$ cat work.txt   # compact mmCIF, C-alpha atoms
# COMPACT_ATOMS: atom_id res chain seq x y z
CA MET A 1 25.25 109.74 145.31
CA ALA A 2 25.34 106.26 143.84
CA ILE A 3 26.47 104.88 140.52
CA PHE A 4 24.27 102.40 138.67
CA ILE A 5 25.04 100.31 135.65
CA ASP A 6 22.03 99.64 133.46
CA THR A 7 22.04 95.83 133.36
CA LYS A 8 19.68 95.67 130.39
CA SER A 9 22.23 97.54 128.30
CA VAL A 10 24.87 94.97 129.19
CA GLN A 11 22.92 92.24 127.42
CA LYS A 12 22.50 94.41 124.36
CA ALA A 13 26.13 95.57 124.24
CA VAL A 14 27.99 94.51 121.10
CA THR A 15 31.15 92.45 121.43
CA ASP A 16 34.14 94.35 120.09
CA SER A 17 37.92 94.18 120.14
CA CYS A 18 39.88 96.25 122.57
CA HIS A 19 43.46 97.51 122.76
CA PHE A 20 45.35 98.63 125.81
CA VAL A 21 48.12 100.95 124.61
CA PRO A 22 51.22 102.15 126.50
CA CYS A 23 50.43 105.82 126.10
CA GLU A 24 47.81 108.35 127.08
CA ILE A 25 45.85 109.65 124.12
CA ASP A 26 44.18 112.92 125.01
CA PHE A 27 41.05 112.20 123.03
CA ASN A 28 37.65 110.64 123.55
CA GLY A 29 35.63 109.67 120.54
CA GLU A 30 35.66 107.78 117.30
CA ALA A 31 38.97 107.19 115.57
CA LYS A 32 40.04 105.24 112.51
CA VAL A 33 41.44 102.39 114.60
CA GLU A 34 40.81 99.72 111.98
CA ASP A 35 42.58 101.53 109.12
CA PHE A 36 45.40 103.19 110.98
CA PHE A 37 46.13 100.71 113.76
CA CYS A 38 44.71 97.23 113.22
CA LYS A 39 46.23 97.06 109.75
CA THR A 40 49.69 97.60 111.23
CA ILE A 41 49.40 94.50 113.42
CA THR A 42 51.61 91.62 112.28
CA PRO A 43 52.38 88.33 114.00
CA SER A 44 55.90 88.60 115.34
CA ALA A 45 58.64 86.93 113.35
CA THR A 46 60.28 85.84 116.60
CA ASP A 47 58.78 83.52 119.18
CA GLY A 48 55.34 82.84 120.55
CA ASP A 49 51.96 84.32 119.73
CA ASP A 50 53.25 87.82 120.10
CA MET A 51 52.45 90.60 117.72
CA THR A 52 54.00 93.84 116.65
CA ALA A 53 52.31 97.03 115.55
CA PHE A 54 53.08 100.70 115.49
CA PHE A 55 51.38 103.88 116.61
CA ARG A 56 52.60 107.30 115.56
CA GLY A 57 55.74 105.69 114.22
CA ARG A 58 56.65 104.01 117.51
CA PRO A 59 57.12 100.23 117.71
CA LEU A 60 54.76 98.19 119.92
CA ASN A 61 54.84 94.56 121.06
CA GLY A 62 51.55 93.00 122.01
CA SER A 63 49.89 89.95 123.52
CA GLU A 64 46.31 88.87 123.82
CA ILE A 65 44.77 88.50 127.27
CA THR A 66 41.63 86.50 127.87
CA LEU A 67 39.65 87.74 130.82
CA PRO A 68 39.36 85.32 133.77
CA ASP A 69 36.25 83.15 133.98
CA GLY A 70 33.27 85.04 135.22
CA TYR A 71 34.58 88.44 134.12
CA THR A 72 33.36 90.59 131.26
CA GLY A 73 34.93 93.77 130.02
CA LEU A 74 32.53 96.65 129.46
CA VAL A 75 32.72 99.99 127.71
CA LEU A 76 30.46 102.32 129.64
CA ARG A 77 28.89 105.58 128.66
CA GLU A 78 26.94 108.12 130.64
CA PRO A 79 24.05 109.20 128.44
CA HIS A 80 22.75 111.91 130.76
CA LYS A 81 25.19 114.12 132.52
CA ARG A 82 23.99 114.86 136.03
CA SER A 83 23.43 118.47 136.92
CA THR A 84 24.38 118.35 140.60
CA GLU A 85 27.07 116.47 142.49
CA ASP A 86 24.49 114.68 144.65
CA GLU A 87 22.47 113.16 141.86
CA ASP A 88 22.74 109.44 141.16
CA ARG A 89 24.55 108.45 138.01
CA THR A 90 23.48 105.78 135.55
CA LEU A 91 25.94 104.26 133.12
CA THR A 92 25.03 102.18 130.10
CA ALA A 93 27.20 99.58 128.43
CA THR A 94 27.82 100.14 124.75
CA HIS A 95 30.39 97.42 124.06
CA LYS A 96 31.71 94.35 125.79
CA PHE A 97 34.80 92.17 125.44
CA ASN A 98 36.10 88.88 126.79
CA ASN A 99 39.64 89.39 125.62
CA PHE A 100 41.84 92.31 124.72
CA THR A 101 45.32 93.02 123.37
CA TYR A 102 47.78 94.85 125.52
CA TRP A 103 50.76 96.60 124.00
CA ASN A 104 54.21 97.40 125.35
CA LEU A 105 56.35 100.18 123.95
CA ASP A 106 59.28 98.48 122.17
CA LYS A 107 59.48 95.66 124.73
CA GLN A 108 58.63 91.98 124.35
CA THR A 109 55.60 91.01 126.39
CA THR A 110 56.33 88.78 129.38
CA PRO A 111 54.36 87.38 132.35
CA ASP A 112 56.18 90.05 134.37
CA ASP A 113 54.27 92.86 132.67
CA LEU A 114 52.13 94.88 135.09
CA ILE A 115 48.86 94.04 133.43
CA GLN A 116 49.53 90.28 133.57
CA LYS A 117 50.64 90.52 137.18
CA ALA A 118 47.63 92.66 138.12
CA LEU A 119 45.35 89.89 136.90
CA GLN A 120 46.94 87.50 139.42
CA TRP A 121 44.79 89.27 141.97
CA VAL A 122 41.73 87.59 140.49
CA ASP A 123 42.99 84.13 141.47
CA ILE A 124 44.37 85.29 144.79
CA SER A 125 41.20 87.10 145.79
CA SER A 126 39.04 84.12 144.98
CA ALA A 127 41.34 81.93 147.08
CA LEU A 128 41.19 84.43 149.92
CA HIS A 129 37.47 85.04 149.84
CA LYS A 130 36.15 81.63 148.92
CA PRO A 131 34.11 80.19 151.80
CA VAL A 132 36.06 77.43 153.53
CA SER A 133 34.02 74.38 154.36
CA LEU A 134 34.54 72.83 157.77
CA GLU A 135 35.39 69.40 156.39
CA SER A 136 38.22 70.60 154.18
CA SER A 137 41.65 69.47 155.28
CA PRO A 138 44.31 72.01 156.28
CA GLU A 139 46.32 71.15 153.13
CA SER A 140 43.58 72.09 150.74
CA SER A 141 42.88 75.44 152.39
CA GLN A 142 46.54 76.29 151.90
CA GLY A 143 46.46 75.08 148.31
CA SER A 144 48.83 76.88 146.03
CA VAL A 145 47.74 79.95 144.19
CA LYS A 146 48.15 79.87 140.48
CA GLY A 147 50.14 82.68 138.88
CA GLN A 148 48.90 84.71 135.93
CA MET B 149 61.47 97.68 83.94
CA LEU B 150 61.92 96.95 87.61
CA ASN B 151 59.57 94.42 89.11
CA GLN B 152 59.03 95.36 92.73
CA SER B 153 56.03 93.19 93.53
CA LYS B 154 57.99 91.53 96.33
CA TYR B 155 58.09 94.86 98.15
CA GLU B 156 54.59 95.81 97.10
CA ASN B 157 53.21 92.74 98.88
CA ASN B 158 54.11 94.32 102.18
CA ARG B 159 55.26 97.91 102.10
CA SER B 160 55.90 97.97 105.86
CA LYS B 161 58.75 95.52 105.61
CA ASN B 162 62.22 95.94 104.19
CA CYS B 163 62.90 94.10 100.98
CA LEU B 164 65.96 92.90 99.08
CA LEU B 165 65.84 92.76 95.27
CA GLU B 166 68.72 91.39 93.23
CA SER B 167 69.82 90.59 89.71
CA PRO B 168 71.04 87.14 88.72
CA ILE B 169 74.78 86.73 89.30
CA CYS B 170 76.87 85.33 86.45
CA GLU B 171 79.87 83.06 87.03
CA ARG B 172 82.40 85.71 86.03
CA LEU B 173 81.42 87.79 89.07
CA GLN B 174 82.35 84.87 91.30
CA ALA B 175 85.53 83.91 89.48
CA GLU B 176 87.08 87.28 88.68
CA PRO B 177 87.99 90.03 91.17
CA CYS B 178 85.28 92.72 91.21
CA TRP B 179 84.77 96.28 92.29
CA LEU B 180 81.56 97.16 94.08
CA GLY B 181 79.84 100.54 94.44
CA ILE B 182 77.31 101.61 97.09
CA ASP B 183 74.91 104.53 97.08
CA GLU B 184 71.55 105.44 98.53
CA ALA B 185 68.43 107.24 97.33
CA GLY B 186 65.74 109.01 99.32
CA ARG B 187 67.64 109.77 102.50
CA GLY B 188 66.28 113.26 103.04
CA PRO B 189 62.56 113.14 102.14
CA VAL B 190 59.89 112.81 104.81
CA LEU B 191 58.05 110.29 102.60
CA GLY B 192 58.53 106.76 101.40
CA PRO B 193 61.33 104.24 101.65
CA MET B 194 65.06 104.89 101.60
CA VAL B 195 66.79 102.61 99.13
CA TYR B 196 70.37 101.34 99.21
CA GLY B 197 71.84 100.06 95.97
CA ILE B 198 75.01 98.19 95.10
CA CYS B 199 76.47 97.35 91.71
CA PHE B 200 79.48 95.09 91.05
CA SER B 201 81.51 94.23 88.00
CA PRO B 202 84.85 92.54 87.14
CA LEU B 203 87.91 94.80 87.42
CA ALA B 204 88.96 93.54 83.98
CA ASP B 205 85.95 95.34 82.51
CA LYS B 206 86.62 98.68 84.20
CA ASP B 207 87.20 100.47 80.88
CA LYS B 208 84.23 98.89 79.19
CA PHE B 209 82.10 99.66 82.25
CA SER B 210 83.19 103.29 82.33
CA LYS B 211 82.05 103.69 78.71
CA MET B 212 78.49 102.67 79.63
CA LYS B 213 77.65 106.32 80.30
CA PHE B 214 76.64 106.10 83.92
CA ALA B 215 76.36 109.60 85.22
CA ASP B 216 75.42 110.56 88.74
CA SER B 217 71.75 109.61 88.90
CA LYS B 218 70.77 113.08 90.05
CA THR B 219 71.91 114.64 86.76
CA LEU B 220 69.69 112.29 84.75
CA THR B 221 65.97 112.52 84.17
CA GLU B 222 63.75 109.75 85.44
CA GLU B 223 63.33 108.41 81.92
CA GLN B 224 67.08 108.42 81.28
CA ARG B 225 67.63 106.54 84.52
CA ASP B 226 65.07 103.93 83.54
CA ASN B 227 66.85 103.51 80.20
CA VAL B 228 70.27 103.12 81.79
CA PHE B 229 68.83 100.61 84.25
CA GLY B 230 67.42 98.73 81.26
CA THR B 231 70.86 98.65 79.62
CA MET B 232 72.36 97.38 82.85
CA ASN B 233 69.94 94.48 82.89
CA GLU B 234 71.01 93.59 79.36
CA SER B 235 74.64 93.48 80.52
CA LEU B 236 74.35 90.92 83.29
CA ASP B 237 77.34 89.08 81.81
CA MET B 238 79.52 91.87 83.20
CA LEU B 239 77.65 93.25 86.20
CA GLY B 240 75.23 92.46 88.99
CA TRP B 241 73.15 94.67 91.29
CA MET B 242 71.13 94.54 94.51
CA VAL B 243 68.84 96.99 96.23
CA GLU B 244 67.64 96.99 99.82
CA ILE B 245 64.41 98.91 100.30
CA LEU B 246 64.14 100.28 103.84
CA SER B 247 60.46 100.87 104.45
CA PRO B 248 59.28 104.15 105.99
CA VAL B 249 57.79 102.08 108.83
CA TYR B 250 61.19 100.52 109.49
CA ILE B 251 62.81 103.96 109.45
CA SER B 252 60.20 105.45 111.83
CA THR B 253 60.09 102.58 114.28
CA SER B 254 63.90 102.25 114.34
CA MET B 255 64.47 105.91 115.02
CA LEU B 256 61.62 106.11 117.57
CA ARG B 257 62.61 103.11 119.67
CA ARG B 258 63.34 103.50 123.36
CA GLU B 259 67.05 103.44 122.55
CA LYS B 260 67.24 105.62 119.48
CA TYR B 261 68.80 104.11 116.37
CA ASN B 262 69.96 107.03 114.29
CA LEU B 263 69.82 107.35 110.54
CA ASN B 264 73.59 107.19 110.17
CA ALA B 265 73.92 103.91 112.05
CA LEU B 266 70.93 102.55 110.17
CA SER B 267 72.49 103.52 106.82
CA HIS B 268 75.85 102.04 107.67
CA ASP B 269 74.29 98.78 108.81
CA CYS B 270 72.32 98.56 105.58
CA ALA B 271 75.43 99.14 103.42
CA ILE B 272 77.39 96.58 105.44
CA GLY B 273 74.51 94.12 105.10
CA LEU B 274 74.56 94.49 101.31
CA ILE B 275 78.32 93.89 101.06
CA ASN B 276 77.85 90.79 103.18
CA THR B 277 75.00 89.56 100.99
CA ALA B 278 77.15 89.99 97.87
CA LEU B 279 79.94 88.02 99.55
CA GLU B 280 77.46 85.32 100.59
CA ARG B 281 76.37 85.01 96.97
CA GLY B 282 80.00 84.28 96.14
CA VAL B 283 80.82 87.60 94.45
CA ASN B 284 84.60 88.04 94.47
CA VAL B 285 84.69 91.58 95.87
CA THR B 286 88.17 93.11 96.11
CA GLU B 287 87.40 96.85 95.93
CA VAL B 288 84.49 98.76 97.48
CA TYR B 289 83.53 102.37 96.71
CA VAL B 290 81.01 104.10 98.95
CA ASP B 291 79.24 107.42 98.74
CA THR B 292 78.58 109.13 102.03
CA VAL B 293 77.01 112.30 103.36
CA GLY B 294 78.75 111.89 106.72
CA ASP B 295 82.38 111.77 107.81
CA PRO B 296 84.22 109.61 105.20
CA VAL B 297 87.30 108.97 107.38
CA LYS B 298 85.46 107.31 110.24
CA TYR B 299 83.16 105.37 107.94
CA GLN B 300 86.10 104.10 105.89
CA ALA B 301 87.91 102.94 109.04
CA LYS B 302 84.77 101.13 110.18
CA LEU B 303 84.40 99.31 106.85
CA LYS B 304 88.10 98.43 106.66
CA GLU B 305 87.89 96.84 110.06
CA LEU B 306 84.88 94.77 109.00
CA PHE B 307 86.30 93.81 105.63
CA PRO B 308 90.10 93.63 106.09
CA SER B 309 90.73 91.85 102.79
CA ILE B 310 88.83 94.41 100.71
CA ASP B 311 90.22 97.72 99.50
CA VAL B 312 87.67 100.30 100.74
CA THR B 313 87.26 103.86 99.47
CA VAL B 314 84.67 106.12 101.10
CA ALA B 315 84.18 109.56 99.55
CA LYS B 316 81.73 112.40 99.40
CA LYS B 317 80.18 112.64 95.92
CA ALA B 318 81.58 109.22 95.04
CA ASP B 319 78.58 108.87 92.74
CA SER B 320 80.13 111.35 90.33
CA LEU B 321 83.71 110.10 90.78
CA TYR B 322 83.34 106.35 90.28
CA PRO B 323 81.10 104.86 87.57
CA ILE B 324 80.46 101.78 89.73
CA VAL B 325 78.91 104.07 92.37
CA SER B 326 76.95 105.96 89.68
CA ALA B 327 75.52 102.61 88.59
CA ALA B 328 74.60 101.73 92.19
CA SER B 329 73.03 105.14 92.53
CA ILE B 330 70.88 104.54 89.45
CA CYS B 331 69.61 101.21 90.82
CA ALA B 332 68.71 102.85 94.13
CA LYS B 333 67.01 105.83 92.53
CA VAL B 334 65.01 103.75 90.04
CA SER B 335 63.77 101.57 92.89
CA ARG B 336 62.93 104.48 95.17
CA ASP B 337 61.01 106.33 92.41
CA HIS B 338 59.15 103.17 91.53
CA ALA B 339 58.18 102.54 95.16
CA VAL B 340 56.93 106.09 95.70
CA LYS B 341 55.06 106.25 92.40
CA ASN B 342 53.25 102.97 92.99
CA TRP B 343 52.51 103.51 96.65
CA GLU B 344 49.21 102.09 97.83
CA PHE B 345 48.05 103.15 101.25
CA MET B 346 47.12 100.31 103.57
CA GLU B 347 45.14 102.92 105.47
CA GLY B 348 42.79 103.05 102.49
CA ILE B 349 43.64 106.63 101.59
CA ILE B 350 42.89 107.46 97.99
CA LEU B 351 44.34 110.67 96.65
CA LYS B 352 43.27 112.50 93.52
CA GLU B 353 46.83 112.81 92.35
CA SER B 354 49.74 110.65 93.36
CA ASP B 355 52.27 113.45 93.07
CA TYR B 356 53.84 113.92 96.47
CA GLY B 357 56.50 116.29 95.19
CA SER B 358 60.10 115.84 96.23
CA GLY B 359 59.26 114.80 99.77
CA TYR B 360 61.14 117.79 101.12
CA PRO B 361 59.23 120.05 103.52
CA GLY B 362 59.58 123.15 101.33
CA ASP B 363 57.87 121.50 98.37
CA PRO B 364 54.23 122.74 98.09
CA LYS B 365 53.08 119.34 96.75
CA THR B 366 54.62 117.54 99.70
CA LYS B 367 53.07 120.05 102.07
CA LYS B 368 49.69 119.53 100.49
CA PHE B 369 49.97 115.77 100.75
CA LEU B 370 50.90 116.00 104.43
CA GLU B 371 47.88 118.23 105.04
CA ASN B 372 45.49 115.95 103.16
CA SER B 373 46.59 112.71 104.76
CA PHE B 374 46.80 114.01 108.34
CA ASP B 375 44.75 112.34 111.05
CA LYS B 376 44.61 114.02 114.42
CA VAL B 377 44.79 110.76 116.40
CA PHE B 378 47.15 108.65 114.32
CA GLY B 379 49.16 111.41 112.71
CA PHE B 380 50.00 110.17 109.24
CA PRO B 381 49.73 107.04 107.12
CA SER B 382 52.73 104.70 107.31
CA PHE B 383 54.12 106.20 104.08
CA VAL B 384 55.37 109.12 106.19
CA ARG B 385 58.52 109.02 108.31
CA PHE B 386 57.30 110.00 111.75
CA SER B 387 60.86 110.50 112.93
CA TRP B 388 61.34 113.52 110.67
CA SER B 389 60.81 116.87 112.39
CA THR B 390 58.61 117.94 109.47
CA ALA B 391 56.14 115.24 110.49
CA SER B 392 56.51 115.45 114.26
CA LEU B 393 56.05 119.24 114.30
CA ILE B 394 52.76 118.99 112.41
CA ILE B 395 51.55 116.29 114.81
CA GLU B 396 52.58 118.35 117.81
CA LYS B 397 50.77 121.39 116.47
CA ASN B 398 47.57 119.90 115.04
CA GLY B 399 47.29 116.45 116.54
CA VAL B 400 45.80 115.10 119.73
CA ALA B 401 48.33 115.11 122.60
CA VAL B 402 49.85 111.69 123.29
CA LYS B 403 51.95 110.96 126.36
CA TRP B 404 54.31 107.98 126.37
CA GLU B 405 55.72 106.25 129.40
CA ASP B 406 59.27 107.19 128.42
CA ASP B 407 58.44 110.88 127.85
CA GLU B 408 59.38 111.64 131.43
CA ASP B 409 62.91 110.37 130.97
CA GLU B 410 64.10 113.56 129.37
CA ALA B 411 62.27 115.78 131.85
CA ASP B 412 63.69 113.75 134.73
CA ALA B 413 67.20 114.03 133.39
CA ALA B 414 66.76 117.79 133.07
CA SER B 415 65.39 118.24 136.59
CA GLN B 416 68.14 116.13 138.09
CA GLY B 417 70.57 118.91 137.32
CA ASN B 418 68.56 121.22 139.55
CA THR B 419 68.73 119.13 142.70
CA VAL B 420 69.40 121.35 145.68
CA LEU B 421 71.62 120.12 148.46
CA SER B 422 69.09 120.95 151.17
CA GLN B 423 66.77 118.35 149.69
CA TYR B 424 68.92 115.60 151.23
CA PHE B 425 68.36 117.02 154.72
CA LYS B 426 64.61 117.12 154.56
CA SER B 427 62.75 114.59 156.62
CA LYS B 428 60.65 112.21 154.61
CA ASP B 429 56.99 113.15 154.55
CA ASP B 430 55.52 110.46 156.71
CA LYS B 431 52.03 111.50 157.55
CA GLY B 432 51.15 108.09 158.85
CA GLU B 433 48.95 107.35 155.86
CA GLN B 434 48.09 103.75 155.59
CA THR B 435 49.96 102.23 152.68
CA ARG B 436 48.70 99.19 150.89
CA HIS B 437 50.63 95.99 150.73
CA ARG B 438 53.30 96.06 148.04
CA PHE B 439 51.49 93.29 146.21
CA PHE B 440 49.02 96.01 145.24
CA THR B 441 51.39 98.93 144.86
CA HIS B 442 53.74 96.89 142.63
CA ARG B 443 50.84 96.04 140.39
CA GLN B 444 49.44 99.55 140.47
CA LEU B 445 46.14 98.18 141.75
CA ASN B 446 43.92 100.85 143.29
CA HIS B 447 40.44 100.98 144.74
CA VAL B 448 38.06 102.63 142.34
CA THR B 449 35.09 104.29 143.98
CA SER B 450 33.96 106.54 141.18
CA PHE B 451 34.41 106.94 137.45
$ encode --input "work.txt" --output "structure tokens"
Amino acid sequence: MAIFIDTKSVQKAVTDSCHFVPCEIDFNGEAKVEDFFCKTITPSATDGDDMTAFFRGRPLNGSEITLPDGYTGLVLREPHKRSTEDEDRTLTATHKFNNFTYWNLDKQTTPDDLIQKALQWVDISSALHKPVSLESSPESSQGSVKGQ
Amino acid sequence: MLNQSKYENNRSKNCLLESPICERLQAEPCWLGIDEAGRGPVLGPMVYGICFSPLADKDKFSKMKFADSKTLTEEQRDNVFGTMNESLDMLGWMVEILSPVYISTSMLRREKYNLNALSHDCAIGLINTALERGVNVTEVYVDTVGDPVKYQAKLKELFPSIDVTVAKKADSLYPIVSAASICAKVSRDHAVKNWEFMEGIILKESDYGSGYPGDPKTKKFLENSFDKVFGFPSFVRFSWSTASLIIEKNGVAVKWEDDEDEADAASQGNTVLSQYFKSKDDKGEQTRHRFFTHRQLNHVTSF
């Protein structure tokens, strides 16, 4: 069994906004995100570019994250459910995003937040897996790894 | 007529409205009354009102026919409020509108901020604002639904030079509190009546009833405005059990990261002693470097 992503659909996918919320919502489908959530977003009165919003009456603090160079966020759908476990699966992209907003529950966003720290792996992995040319000096191969 | 456009610009935020303050209120010693409107309802803002007037005018003030706002009709209250605004040479008022969003998000924080603490802080804030404006406050009268003794002690500690009286039903005992109560009630009614939903909800009739769960009109409104994902529009106080029970029953399940806290605390009581003697389950599984475990990074091999 293999999983394929239909690359043609990726080009056609519409760019949309995306929110990463600090709760599990037991629902898959369309919801009135614009009216009931996006309209609650306000730039924070305190410092930085942070935002506040609320969901089901609970206070959220948010920050925008731009995906690292070379990465694209995709919303995938499986148009045809396979009938047996062994069948290959094909997923199509319906939406894409290059940035998203992540939200903490009643907690200022900081570089220490899991999602920001998880993205450090992108820089570290490229440093680890980048081919090292023979001419490069020992210093440069041990070059520092950028955080965030 | 009360102009509340400042609040209507952003109904999610709290808003302070105030009358002009004449010189007499700064020069002469004044009494100040505090009362609130809309504490119980599941809908709309809660409003705190204060009214202050020179002690020298106590008799004149008492003849202005302020009754407890609850015994007056809405029209009568509007009229009395009108008279008050024609008497700004002998009184001043302020109202603080606490938005339903503020009430919900305060009470549903990680560290809960209860309605009592919230109310006290609002009342204290209003006294401070009056003092900042230079009002010469020497006596304060406060209506409370909670324990008057504790509340009075708290206020006396904060304002040692002011004579503080906290009483249940103060709104019917002291005309200055009745006047404060009228300001609060007029503002609350106005806010509810003119509510526009940022969620774009348009209702056939804007009669939400009393806002108490037993009221059929309130019930109907809650039914009509319900959304299974988001719950209710921001007009509703999510922290009221009336609202949370409907969401729990008819809404989509939502799990928060701090939900476990209570369950954990409950299960901690059931710890058995033998648990401490068990050997740790080390099945020799390869664990990933903590760089990955700390960041909750996992390999994904299927969707």
$ residues_around --input "work.txt" --residues "range 49-59 of chain A" --least-positions-apart "6" --cutoff "9 Å" --atoms "all atoms listed in the file" --output "ChimeraX atom specification"
/A:36-43,103-109 /B:249-258,377-382,384-387
$ write_last_selection --input "work.txt" --atoms "C-alpha atoms" --output "compact mmCIF listing (two decimals), keeping the file's coordinate frame"
# COMPACT_ATOMS: atom_id res chain seq x y z
CA PHE A 36 45.40 103.19 110.98
CA PHE A 37 46.13 100.71 113.76
CA CYS A 38 44.71 97.23 113.22
CA LYS A 39 46.23 97.06 109.75
CA THR A 40 49.69 97.60 111.23
CA ILE A 41 49.40 94.50 113.42
CA THR A 42 51.61 91.62 112.28
CA PRO A 43 52.38 88.33 114.00
CA TRP A 103 50.76 96.60 124.00
CA ASN A 104 54.21 97.40 125.35
CA LEU A 105 56.35 100.18 123.95
CA ASP A 106 59.28 98.48 122.17
CA LYS A 107 59.48 95.66 124.73
CA GLN A 108 58.63 91.98 124.35
CA THR A 109 55.60 91.01 126.39
CA VAL B 249 57.79 102.08 108.83
CA TYR B 250 61.19 100.52 109.49
CA ILE B 251 62.81 103.96 109.45
CA SER B 252 60.20 105.45 111.83
CA THR B 253 60.09 102.58 114.28
CA SER B 254 63.90 102.25 114.34
CA MET B 255 64.47 105.91 115.02
CA LEU B 256 61.62 106.11 117.57
CA ARG B 257 62.61 103.11 119.67
CA ARG B 258 63.34 103.50 123.36
CA VAL B 377 44.79 110.76 116.40
CA PHE B 378 47.15 108.65 114.32
CA GLY B 379 49.16 111.41 112.71
CA PHE B 380 50.00 110.17 109.24
CA PRO B 381 49.73 107.04 107.12
CA SER B 382 52.73 104.70 107.31
CA VAL B 384 55.37 109.12 106.19
CA ARG B 385 58.52 109.02 108.31
CA PHE B 386 57.30 110.00 111.75
CA SER B 387 60.86 110.50 112.93
$ atom_distance --input "work.txt" --atom1 "CA of Gly359 in chain B" --atom2 "CA of Arg336 in chain B"
11.9 Å
$ closest_residue --input "work.txt" --among "B:Leu321, B:Ile182, B:Cys331, B:Met242" --to "Thr292 in chain B" --atoms "all atoms listed in the file"
B:Ile182
$ residues_around --input "work.txt" --residues "Asp16 in chain A" --least-positions-apart "5" --cutoff "7 Å" --atoms "only C-alpha atoms" --output "number ranges by chain"
A: 95-97
$ axis_aligned_box --input "work.txt" --around "range 206-220 of chain B" --padding-each-side "6 Å" --output "lines of an AutoDock Vina configuration file"
center_x = 78.4
center_y = 106.7
center_z = 84.4
size_x = 29.5
size_y = 28.0
size_z = 23.3
$ atom_distance --input "work.txt" --atom1 "CA of Arg172 in chain B" --atom2 "CA of Val283 in chain B"
8.8 Å
$ build_atoms --input "work.txt" --residues "range 252-266 of chain B" --atoms "N, CA and C atoms" --output "tab-separated table (two decimals), in the coordinates of the input"
chain	number	residue	atom	x	y	z
B	252	SER	N	60.87	104.81	110.68
B	252	SER	CA	60.20	105.45	111.83
B	252	SER	C	60.40	104.65	113.11
B	253	THR	N	60.07	103.37	113.04
B	253	THR	CA	60.09	102.58	114.28
B	253	THR	C	61.52	102.35	114.79
B	254	SER	N	62.51	102.38	113.88
B	254	SER	CA	63.90	102.25	114.34
B	254	SER	C	64.33	103.52	115.06
B	255	MET	N	64.00	104.66	114.45
B	255	MET	CA	64.47	105.91	115.02
B	255	MET	C	63.68	106.31	116.27
B	256	LEU	N	62.46	105.75	116.42
B	256	LEU	CA	61.62	106.11	117.57
B	256	LEU	C	61.53	105.00	118.61
B	257	ARG	N	62.55	104.13	118.62
B	257	ARG	CA	62.61	103.11	119.67
B	257	ARG	C	62.92	103.77	121.00
B	258	ARG	N	62.94	102.96	122.06
B	258	ARG	CA	63.34	103.50	123.36
B	258	ARG	C	64.79	103.98	123.29
B	259	GLU	N	65.66	103.07	122.77
B	259	GLU	CA	67.05	103.44	122.55
B	259	GLU	C	67.14	103.85	121.09
B	260	LYS	N	67.32	105.13	120.85
B	260	LYS	CA	67.24	105.62	119.48
B	260	LYS	C	68.32	105.01	118.59
B	261	TYR	N	67.90	104.68	117.38
B	261	TYR	CA	68.80	104.11	116.37
B	261	TYR	C	68.85	105.17	115.29
B	262	ASN	N	69.97	105.89	115.20
B	262	ASN	CA	69.96	107.03	114.29
B	262	ASN	C	70.15	106.65	112.83
B	263	LEU	N	69.85	107.60	111.98
B	263	LEU	CA	69.82	107.35	110.54
B	263	LEU	C	71.20	106.95	110.01
B	264	ASN	N	72.24	107.52	110.60
B	264	ASN	CA	73.59	107.19	110.17
B	264	ASN	C	73.92	105.73	110.44
B	265	ALA	N	73.65	105.29	111.67
B	265	ALA	CA	73.92	103.91	112.05
B	265	ALA	C	73.10	102.96	111.18
B	266	LEU	N	71.84	103.35	110.98
B	266	LEU	CA	70.93	102.55	110.17
B	266	LEU	C	71.46	102.41	108.73
